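Enquirer: Pasting target.txt below, which is compact mmCIF, C-alpha atoms and all ligand atoms.
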# COMPACT_ATOMS: atom_id res chain seq x y z
CA MET A 1469 0.00 0.00 0.00
CA LEU A 1470 2.77 2.43 1.01
CA LYS A 1471 6.32 1.80 -0.08
CA LEU A 1472 9.36 3.84 0.87
CA ASP A 1473 12.43 3.04 -1.12
CA ASN A 1474 15.83 4.24 0.11
CA ILE A 1475 14.52 7.59 1.42
CA ARG A 1476 17.02 10.23 2.48
CA THR A 1477 15.83 13.45 4.11
CA ASN A 1478 18.02 16.35 5.21
CA TYR A 1479 17.71 19.38 7.44
CA GLY A 1480 20.29 21.66 5.81
CA ASN A 1481 23.42 19.55 5.76
CA ILE A 1482 22.27 17.16 8.49
CA GLU A 1483 21.02 13.90 7.04
CA ALA A 1484 18.17 12.80 9.34
CA LEU A 1485 17.05 9.81 7.25
CA LYS A 1486 19.90 7.76 5.81
CA GLY A 1487 18.16 5.45 3.36
CA ILE A 1488 14.84 4.26 4.78
CA SER A 1489 12.93 1.45 3.08
CA MET A 1490 9.55 0.34 4.41
CA HIS A 1491 6.59 -1.58 3.12
CA ILE A 1492 3.31 -0.82 4.89
CA LYS A 1493 0.66 -3.42 4.13
CA PRO A 1494 -3.02 -2.53 3.84
CA ASP A 1495 -5.19 -3.06 6.91
CA GLU A 1496 -2.20 -3.41 9.23
CA ILE A 1497 -1.08 -1.37 12.19
CA SER A 1498 2.64 -0.67 11.86
CA ALA A 1499 4.61 0.83 14.73
CA ILE A 1500 7.82 2.83 14.40
CA ILE A 1501 9.75 2.91 17.65
CA GLY A 1502 13.11 4.40 18.58
CA ALA A 1503 14.88 6.84 20.87
CA ASN A 1504 14.68 10.64 20.86
CA GLY A 1505 16.05 12.07 17.64
CA ALA A 1506 16.13 8.74 15.79
CA GLY A 1507 14.11 10.24 12.91
CA LYS A 1508 10.61 8.89 13.57
CA SER A 1509 8.79 12.20 13.08
CA THR A 1510 10.96 12.94 10.06
CA ILE A 1511 9.66 9.76 8.41
CA LEU A 1512 6.03 10.79 8.95
CA ASN A 1513 6.69 14.35 7.78
CA THR A 1514 8.40 13.03 4.66
CA ILE A 1515 5.45 10.75 3.86
CA SER A 1516 2.91 13.55 4.43
CA GLY A 1517 4.82 15.95 2.17
CA VAL A 1518 5.75 18.44 4.90
CA LEU A 1519 9.35 17.53 4.04
CA HIS A 1520 10.66 16.34 0.70
CA PRO A 1521 13.34 13.65 0.46
CA SER A 1522 16.65 14.48 -1.19
CA SER A 1523 16.58 11.03 -2.80
CA GLY A 1524 14.49 7.87 -2.86
CA THR A 1525 10.86 7.28 -3.74
CA ILE A 1526 7.52 6.92 -1.94
CA GLY A 1527 4.73 5.04 -3.66
CA PHE A 1528 1.16 4.99 -2.38
CA MET A 1529 -1.44 2.73 -4.01
CA GLY A 1530 0.30 2.88 -7.34
CA ASP A 1531 1.19 6.60 -7.40
CA MET A 1532 4.51 8.24 -6.66
CA ILE A 1533 3.83 10.84 -3.97
CA HIS A 1534 7.27 12.01 -2.80
CA ASN A 1535 7.12 15.24 -4.82
CA MET A 1536 3.52 16.09 -3.99
CA PRO A 1537 2.53 18.98 -1.69
CA PRO A 1538 0.84 18.07 1.63
CA HIS A 1539 -2.73 18.92 0.55
CA ARG A 1540 -2.44 16.60 -2.46
CA ILE A 1541 -1.23 13.80 -0.22
CA VAL A 1542 -4.28 14.33 2.05
CA GLU A 1543 -6.45 14.09 -1.07
CA MET A 1544 -4.71 10.85 -1.99
CA GLY A 1545 -5.91 9.44 1.34
CA ILE A 1546 -3.11 9.94 3.87
CA SER A 1547 -3.85 11.92 7.05
CA GLN A 1548 -1.39 12.76 9.79
CA VAL A 1549 -1.98 13.43 13.48
CA PRO A 1550 1.14 15.43 14.29
CA GLU A 1551 3.28 15.26 17.42
CA GLY A 1552 1.86 17.52 20.14
CA ARG A 1553 -1.69 17.22 18.67
CA ARG A 1554 -1.83 20.82 17.32
CA ILE A 1555 -5.55 21.32 17.38
CA PHE A 1556 -6.82 24.89 16.99
CA PRO A 1557 -7.17 25.98 20.65
CA ARG A 1558 -9.36 29.05 20.01
CA MET A 1559 -11.76 27.25 17.73
CA THR A 1560 -14.61 25.11 19.00
CA VAL A 1561 -14.59 21.33 18.74
CA LEU A 1562 -17.08 21.62 15.86
CA GLU A 1563 -14.88 24.12 14.00
CA ASN A 1564 -11.83 21.93 14.51
CA LEU A 1565 -13.67 19.00 12.95
CA GLU A 1566 -14.87 21.13 10.05
CA MET A 1567 -11.26 22.15 9.38
CA GLY A 1568 -10.39 18.47 8.99
CA ALA A 1569 -13.02 18.09 6.29
CA TYR A 1570 -12.09 21.41 4.71
CA ILE A 1571 -8.53 20.29 4.15
CA LYS A 1572 -9.93 17.47 2.03
CA THR A 1573 -12.82 19.12 0.19
CA GLY A 1574 -11.55 22.71 -0.06
CA ALA A 1575 -14.23 25.38 -0.33
CA ARG A 1576 -16.83 22.90 -1.59
CA GLY A 1577 -18.50 21.32 1.37
CA THR A 1578 -19.43 23.05 4.58
CA PRO A 1579 -22.17 21.86 6.91
CA LEU A 1580 -23.98 25.18 6.45
CA SER A 1581 -24.14 24.91 2.70
CA GLY A 1582 -25.04 21.24 2.99
CA GLY A 1583 -22.08 20.63 0.72
CA LYS A 1584 -21.11 17.10 -0.13
CA GLY A 1585 -17.70 15.74 0.66
CA GLN A 1586 -16.23 12.63 -0.92
CA GLY A 1587 -18.61 9.76 -1.44
CA GLY A 1588 -21.63 12.06 -1.62
CA LYS A 1589 -22.13 12.26 2.15
CA THR A 1590 -22.46 15.62 3.81
CA ILE A 1591 -19.81 16.65 6.28
CA LYS A 1592 -22.50 16.47 8.93
CA GLU A 1593 -23.12 12.81 8.11
CA ASP A 1594 -19.37 12.15 8.20
CA MET A 1595 -19.23 13.77 11.60
CA GLU A 1596 -22.03 11.55 12.91
CA GLY A 1597 -20.03 8.53 11.76
CA ILE A 1598 -16.99 9.81 13.60
CA PHE A 1599 -18.95 10.36 16.82
CA THR A 1600 -19.52 6.61 17.03
CA TYR A 1601 -15.79 6.36 17.85
CA PHE A 1602 -15.67 9.50 19.97
CA PRO A 1603 -18.99 10.10 21.77
CA VAL A 1604 -17.23 12.46 24.19
CA LEU A 1605 -16.77 15.01 21.38
CA LYS A 1606 -20.45 15.15 20.57
CA GLU A 1607 -21.18 16.49 24.04
CA ARG A 1608 -18.54 19.16 23.65
CA LEU A 1609 -19.07 20.59 20.18
CA LYS A 1610 -19.25 24.20 21.35
CA GLN A 1611 -16.34 23.97 23.77
CA LEU A 1612 -13.07 25.65 22.75
CA GLY A 1613 -10.41 23.14 21.72
CA GLY A 1614 -7.85 24.66 24.08
CA THR A 1615 -10.06 23.99 27.11
CA LEU A 1616 -10.22 20.22 26.52
CA SER A 1617 -8.03 17.93 28.62
CA GLY A 1618 -4.86 16.56 27.04
CA GLY A 1619 -6.52 13.23 26.30
CA GLU A 1620 -9.59 14.89 24.82
CA GLN A 1621 -7.37 17.05 22.61
CA GLN A 1622 -5.65 13.91 21.35
CA ILE A 1623 -9.06 12.41 20.60
CA LEU A 1624 -10.05 15.61 18.76
CA ALA A 1625 -6.83 15.53 16.73
CA ILE A 1626 -7.55 11.94 15.64
CA ALA A 1627 -11.19 12.77 14.86
CA ARG A 1628 -10.11 15.78 12.80
CA ALA A 1629 -7.72 13.60 10.79
CA LEU A 1630 -10.54 11.11 10.15
CA MET A 1631 -12.78 13.86 8.76
CA ALA A 1632 -10.57 13.76 5.65
CA LYS A 1633 -11.60 10.08 5.15
CA PRO A 1634 -8.08 8.67 5.03
CA LYS A 1635 -7.12 5.23 3.77
CA LEU A 1636 -3.97 5.56 5.86
CA ILE A 1637 -3.72 7.45 9.15
CA MET A 1638 -0.34 8.28 10.71
CA LEU A 1639 -0.12 9.16 14.40
CA ASP A 1640 2.95 10.75 15.96
CA GLU A 1641 3.32 9.89 19.69
CA PRO A 1642 -0.39 9.78 20.53
CA SER A 1643 0.36 8.56 24.08
CA LEU A 1644 2.71 11.42 24.95
CA GLY A 1645 1.89 13.02 28.30
CA LEU A 1646 -1.30 11.01 28.85
CA ALA A 1647 -2.29 8.90 31.84
CA PRO A 1648 -2.18 5.12 31.20
CA ILE A 1649 -5.99 4.84 31.30
CA MET A 1650 -6.31 7.50 28.59
CA VAL A 1651 -3.62 5.76 26.51
CA GLU A 1652 -5.67 2.56 26.72
CA ARG A 1653 -8.80 4.40 25.56
CA ILE A 1654 -7.04 6.01 22.64
CA PHE A 1655 -5.40 2.75 21.58
CA GLU A 1656 -8.79 1.05 21.73
CA ILE A 1657 -10.11 3.70 19.33
CA ILE A 1658 -7.12 3.22 17.01
CA ARG A 1659 -7.79 -0.53 17.00
CA LYS A 1660 -11.43 0.08 16.04
CA ILE A 1661 -10.51 2.49 13.25
CA ASN A 1662 -8.13 -0.14 11.89
CA LYS A 1663 -10.78 -2.88 12.08
CA ASP A 1664 -13.02 -0.63 10.01
CA GLY A 1665 -10.43 -0.72 7.22
CA VAL A 1666 -8.03 2.16 7.80
CA THR A 1667 -4.32 1.34 7.65
CA VAL A 1668 -2.41 2.75 10.63
CA VAL A 1669 1.18 3.89 11.12
CA ILE A 1670 1.97 4.84 14.68
CA VAL A 1671 5.18 6.43 15.97
CA GLU A 1672 5.84 5.87 19.66
CA GLN A 1673 8.59 6.27 22.20
CA ASN A 1674 6.42 4.09 24.42
CA ALA A 1675 7.54 0.90 22.67
CA ASN A 1676 5.73 -1.34 25.08
CA VAL A 1677 2.22 -0.11 24.32
CA ALA A 1678 2.96 0.43 20.62
CA LEU A 1679 4.17 -3.14 20.04
CA ARG A 1680 1.18 -4.56 21.85
CA LEU A 1681 -1.10 -2.58 19.54
CA ALA A 1682 0.71 -3.15 16.24
CA HIS A 1683 0.98 -6.08 13.84
CA THR A 1684 4.42 -5.10 12.58
CA GLY A 1685 7.18 -2.96 14.01
CA TYR A 1686 10.18 -0.98 12.80
CA VAL A 1687 12.97 -0.07 15.19
CA MET A 1688 14.80 3.14 14.22
CA GLU A 1689 18.32 4.04 15.24
CA THR A 1690 19.88 7.32 14.07
CA GLY A 1691 18.22 7.67 10.71
CA ARG A 1692 18.14 3.98 9.84
CA ILE A 1693 15.81 1.03 10.29
CA ALA A 1694 17.77 -1.24 12.63
CA LEU A 1695 15.13 -3.97 12.84
CA HIS A 1696 11.86 -4.87 11.20
CA ASP A 1697 9.69 -7.78 12.27
CA LYS A 1698 6.27 -8.86 13.46
CA ALA A 1699 5.38 -6.95 16.60
CA ASP A 1700 5.11 -10.07 18.77
CA ALA A 1701 8.59 -11.14 17.65
CA LEU A 1702 10.04 -7.72 18.49
CA ILE A 1703 8.51 -7.82 21.99
CA ILE A 1704 10.58 -10.91 22.81
CA ASN A 1705 13.70 -9.83 20.88
CA PRO A 1706 16.53 -9.51 23.46
CA HIS A 1707 17.96 -6.31 21.94
CA VAL A 1708 14.54 -4.63 21.82
CA LYS A 1709 13.79 -5.78 25.37
CA GLU A 1710 17.03 -4.37 26.69
CA ALA A 1711 17.06 -1.09 24.77
CA TYR A 1712 13.36 -0.19 24.56
CA LEU A 1713 11.28 -2.24 26.94
CA GLY A 1714 13.23 -1.72 30.15
CA GLY A 1715 14.97 -5.10 30.17
N1 LIG B 1 13.75 21.36 11.89
C1 LIG B 1 14.90 20.71 12.12
N2 LIG B 1 16.09 21.28 11.84
C2 LIG B 1 17.26 20.63 12.05
N3 LIG B 1 17.34 19.38 12.53
C3 LIG B 1 16.19 18.76 12.83
C4 LIG B 1 14.90 19.39 12.65
N4 LIG B 1 13.95 18.53 13.03
C5 LIG B 1 14.60 17.42 13.45
N5 LIG B 1 15.93 17.55 13.33
C6 LIG B 1 16.95 16.54 13.66
O1 LIG B 1 16.69 15.37 12.90
C7 LIG B 1 16.86 14.20 13.71
C8 LIG B 1 15.57 13.39 13.73
O2 LIG B 1 14.55 14.12 14.38
P1 LIG B 1 13.08 13.59 14.57
O3 LIG B 1 12.27 14.73 15.10
O4 LIG B 1 12.61 12.95 13.32
O5 LIG B 1 13.27 12.48 15.68
P2 LIG B 1 12.20 11.62 16.47
O6 LIG B 1 12.61 10.21 16.36
O7 LIG B 1 10.84 11.99 16.07
O8 LIG B 1 12.47 12.11 17.98
P3 LIG B 1 11.43 12.31 19.21
O9 LIG B 1 11.17 10.94 19.75
O10 LIG B 1 12.22 13.14 20.20
O11 LIG B 1 10.21 12.99 18.70
C9 LIG B 1 17.31 14.69 15.07
O12 LIG B 1 18.69 14.61 15.14
C10 LIG B 1 16.86 16.15 15.11
O13 LIG B 1 17.69 16.92 15.92
MG MG B 2 9.25 12.86 17.05
What does the file become when written as structure tokens?

Expert:
Amino acid sequence: MLKLDNIRTNYGNIEALKGISMHIKPDEISAIIGANGAGKSTILNTISGVLHPSSGTIGFMGDMIHNMPPHRIVEMGISQVPEGRRIFPRMTVLENLEMGAYIKTGARGTPLSGGKGQGGKTIKEDMEGIFTYFPVLKERLKQLGGTLSGGEQQILAIARALMAKPKLIMLDEPSLGLAPIMVERIFEIIRKINKDGVTVVIVEQNANVALRLAHTGYVMETGRIALHDKADALIINPHVKEAYLGG
């Protein structure tokens, strides 16, 4: 579904990705784990078009996307939930969700105009579908994004990404700063989204929870993929245990 072939990405003259190859299969949850600064976020930002690789190719469902701008990549069906959530704090929950749909449909569909998004459904209908995953948001539509708790903001960021109807959703450190109970809730939602047919790539420093969620895992070390295996094999791999799972 998504294929990275020998991707190199630089920040000025620092090479952050030193030849990354990955093959993300449809309907799977793939986890990318690794220490601070390994290059995990750089991979996601290179896939989503925020950064462009200096060499290598990225193919998505038969198209080459590595030279496309971010909005085109969203239209192709890839949505990203960035590190640190980055919802719009001074907009309401409803407005935040509308922005997610807007990114996909441009000026065409707004709930007020009754405009149709992709697949002929109105944005309002899409939103109703999304509330089945996130009932908590429905009760808080008029609340300002910035006044939600950290966990609720993470939920809003995921919901906003889903408003673009992605085939592939990429999440950067969704567990960061959240209490374990909230992490469990969010991972349960991610599992459901995946069961409903959305491919998931998740970046996590919390290797333990990520590998229990994922089908496959990639271990990154300073700009390279050091290991790639089924998640349950990585959990019992001695090197992974020692370096990432606390022994
Ligand atoms: N805007 C930037 N300018 C220069 N160097 C950068 C920039 N962003 C990241 N880097 C460097 O690129 C490398 C990879 O960073 P990246 O953010 O992808 O790591 P990460 O694995 O996501 O880390 P973390 O777990 O801390 O989020 C690091 O050495 C980092 O210092
Ligand atoms: Mg990061």

Enquirer: Return as an MDAnalysis selection string every polymer residue, whether protein, DNA or RNA, with at least one atom no more than 6 Å from an atom of ligand LIG 1 (chain B); count all atoms listed in the file.

Expert: chainID A and resid 1479 1484 1503:1510 1673

Enquirer: Per residue of stretch 1606-1705 of chain A within 12 Å of stretch 1538-1562 of chain A, note the shortest atom pair and the distance in Å to one decimal, counting only C-alpha atoms, and order the rows by chain and increasing residue number, as CSV.

Expert:
residue,atom,partner,partner_atom,distance
A:Lys1606,CA,A:Leu1562,CA,8.7
A:Glu1607,CA,A:Val1561,CA,9.7
A:Arg1608,CA,A:Val1561,CA,6.7
A:Leu1609,CA,A:Val1561,CA,4.8
A:Lys1610,CA,A:Thr1560,CA,5.3
A:Gln1611,CA,A:Thr1560,CA,5.2
A:Leu1612,CA,A:Thr1560,CA,4.1
A:Gly1613,CA,A:Pro1557,CA,4.4
A:Gly1614,CA,A:Pro1557,CA,3.7
A:Thr1615,CA,A:Pro1557,CA,7.4
A:Leu1616,CA,A:Pro1557,CA,8.8
A:Ser1617,CA,A:Pro1557,CA,11.4
A:Gly1618,CA,A:Arg1553,CA,9.0
A:Gly1619,CA,A:Arg1553,CA,9.9
A:Glu1620,CA,A:Val1561,CA,10.2
A:Gln1621,CA,A:Arg1553,CA,6.9
A:Gln1622,CA,A:Arg1553,CA,5.8
A:Ile1623,CA,A:Arg1553,CA,9.0
A:Leu1624,CA,A:Val1561,CA,7.3
A:Ala1625,CA,A:Arg1553,CA,5.7
A:Ile1626,CA,A:Val1549,CA,6.2
A:Ala1627,CA,A:Val1549,CA,9.3
A:Arg1628,CA,A:Val1549,CA,8.5
A:Ala1629,CA,A:Ser1547,CA,5.6
A:Leu1630,CA,A:Ser1547,CA,7.4
A:Met1631,CA,A:Ser1547,CA,9.3
A:Ala1632,CA,A:Ser1547,CA,7.1
A:Lys1633,CA,A:Gly1545,CA,6.9
A:Pro1634,CA,A:Gly1545,CA,4.3
A:Lys1635,CA,A:Gly1545,CA,5.0
A:Leu1636,CA,A:Ile1546,CA,4.9
A:Ile1637,CA,A:Ser1547,CA,4.9
A:Met1638,CA,A:Gln1548,CA,4.7
A:Leu1639,CA,A:Val1549,CA,4.7
A:Asp1640,CA,A:Glu1551,CA,4.8
A:Glu1641,CA,A:Glu1551,CA,5.8
A:Pro1642,CA,A:Glu1551,CA,7.3
A:Ser1643,CA,A:Glu1551,CA,9.9
A:Leu1644,CA,A:Gly1552,CA,7.8
A:Gly1645,CA,A:Gly1552,CA,9.3
A:Leu1646,CA,A:Gly1552,CA,11.3
A:Ile1658,CA,A:Val1549,CA,12.0
A:Val1666,CA,A:Gly1545,CA,10.0
A:Thr1667,CA,A:Ile1546,CA,9.5
A:Val1668,CA,A:Ile1546,CA,9.9
A:Val1669,CA,A:Gln1548,CA,9.3
A:Ile1670,CA,A:Val1549,CA,9.5
A:Val1671,CA,A:Glu1551,CA,9.1
A:Glu1672,CA,A:Glu1551,CA,10.0
A:Gln1673,CA,A:Glu1551,CA,11.5

Enquirer: Please determine, counting all atoms listed in the file, which residue among A:Asn1513, A:Ile1703, A:Glu1496, A:Gly1685 has the shortest atom-to-atom distance to ligand MG 2 (chain B).

Expert: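 Going through A:Asn1513, A:Ile1703, A:Glu1496, A:Gly1685 one by one, the smallest distance to ligand MG 2 (chain B) is for A:Asn1513.
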
Enquirer: Check the smallest atom-to-atom distance from each of A:Ile1649, A:Val1708, A:Leu1512, A:Val1677 to ligand MG 2 (chain B) using all atoms listed in the file, then report the winner.

Expert: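 Closest to ligand MG 2 (chain B) of all the choices is A:Leu1512.
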
Enquirer: Could you tell me which of A:Ile1482, A:Ile1704, A:Ile1515, A:Ile1497 comes closest to A:Thr1684 if we count only C-alpha atoms?

Expert: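 When distances to A:Thr1684 are compared using only C-alpha atoms, the smallest one comes from A:Ile1497.
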
Enquirer: Check the smallest atom-to-atom distance from each of A:Ile1654, A:Leu1565, A:Val1518, A:Met1469 to A:His1491 using all atoms listed in the file, then report the winner.

Expert: A:Met1469

Enquirer: Between A:Lys1486, A:Lys1471, A:Arg1476, A:Lys1663, which one has atoms that come closest to A:Gly1691, using only C-alpha atoms?

Expert: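 Result for the nearest residue to A:Gly1691: A:Lys1486.
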
Enquirer: Pick out the closest residue to A:Glu1710 from this set: A:Asn1676, A:Ser1498, A:Asn1564, A:Thr1690. Count only C-alpha atoms.

Expert: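 Distance minimum relative to A:Glu1710 lands on A:Asn1676.
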
Enquirer: Take atom CA of A:Ile1475 and atom CA of A:Gly1527 and report the distance between them in Å, one decimal.

Expert: 11.3 Å

Enquirer: Can you work out the spacing between atom CA of A:Asp1473 and atom CA of A:Ser1489 in Å, to one decimal?

Expert: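 Interatomic distance here is 4.5 Å.
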
Enquirer: What's the 12 Å shell around A:Leu1695, counting all atoms listed in the file, without same-chain residues fewer than 6 positions away, as number ranges by chain?

Expert: A: 1488-1490, 1499-1502, 1684-1689, 1701-1703, 1705, 1707-1708

Enquirer: One decimal, Å: what's the distance from atom CA of A:Glu1566 over to atom CA of A:Glu1593, could you say?

Expert: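 Distance reported for this atom pair: 11.9 Å.
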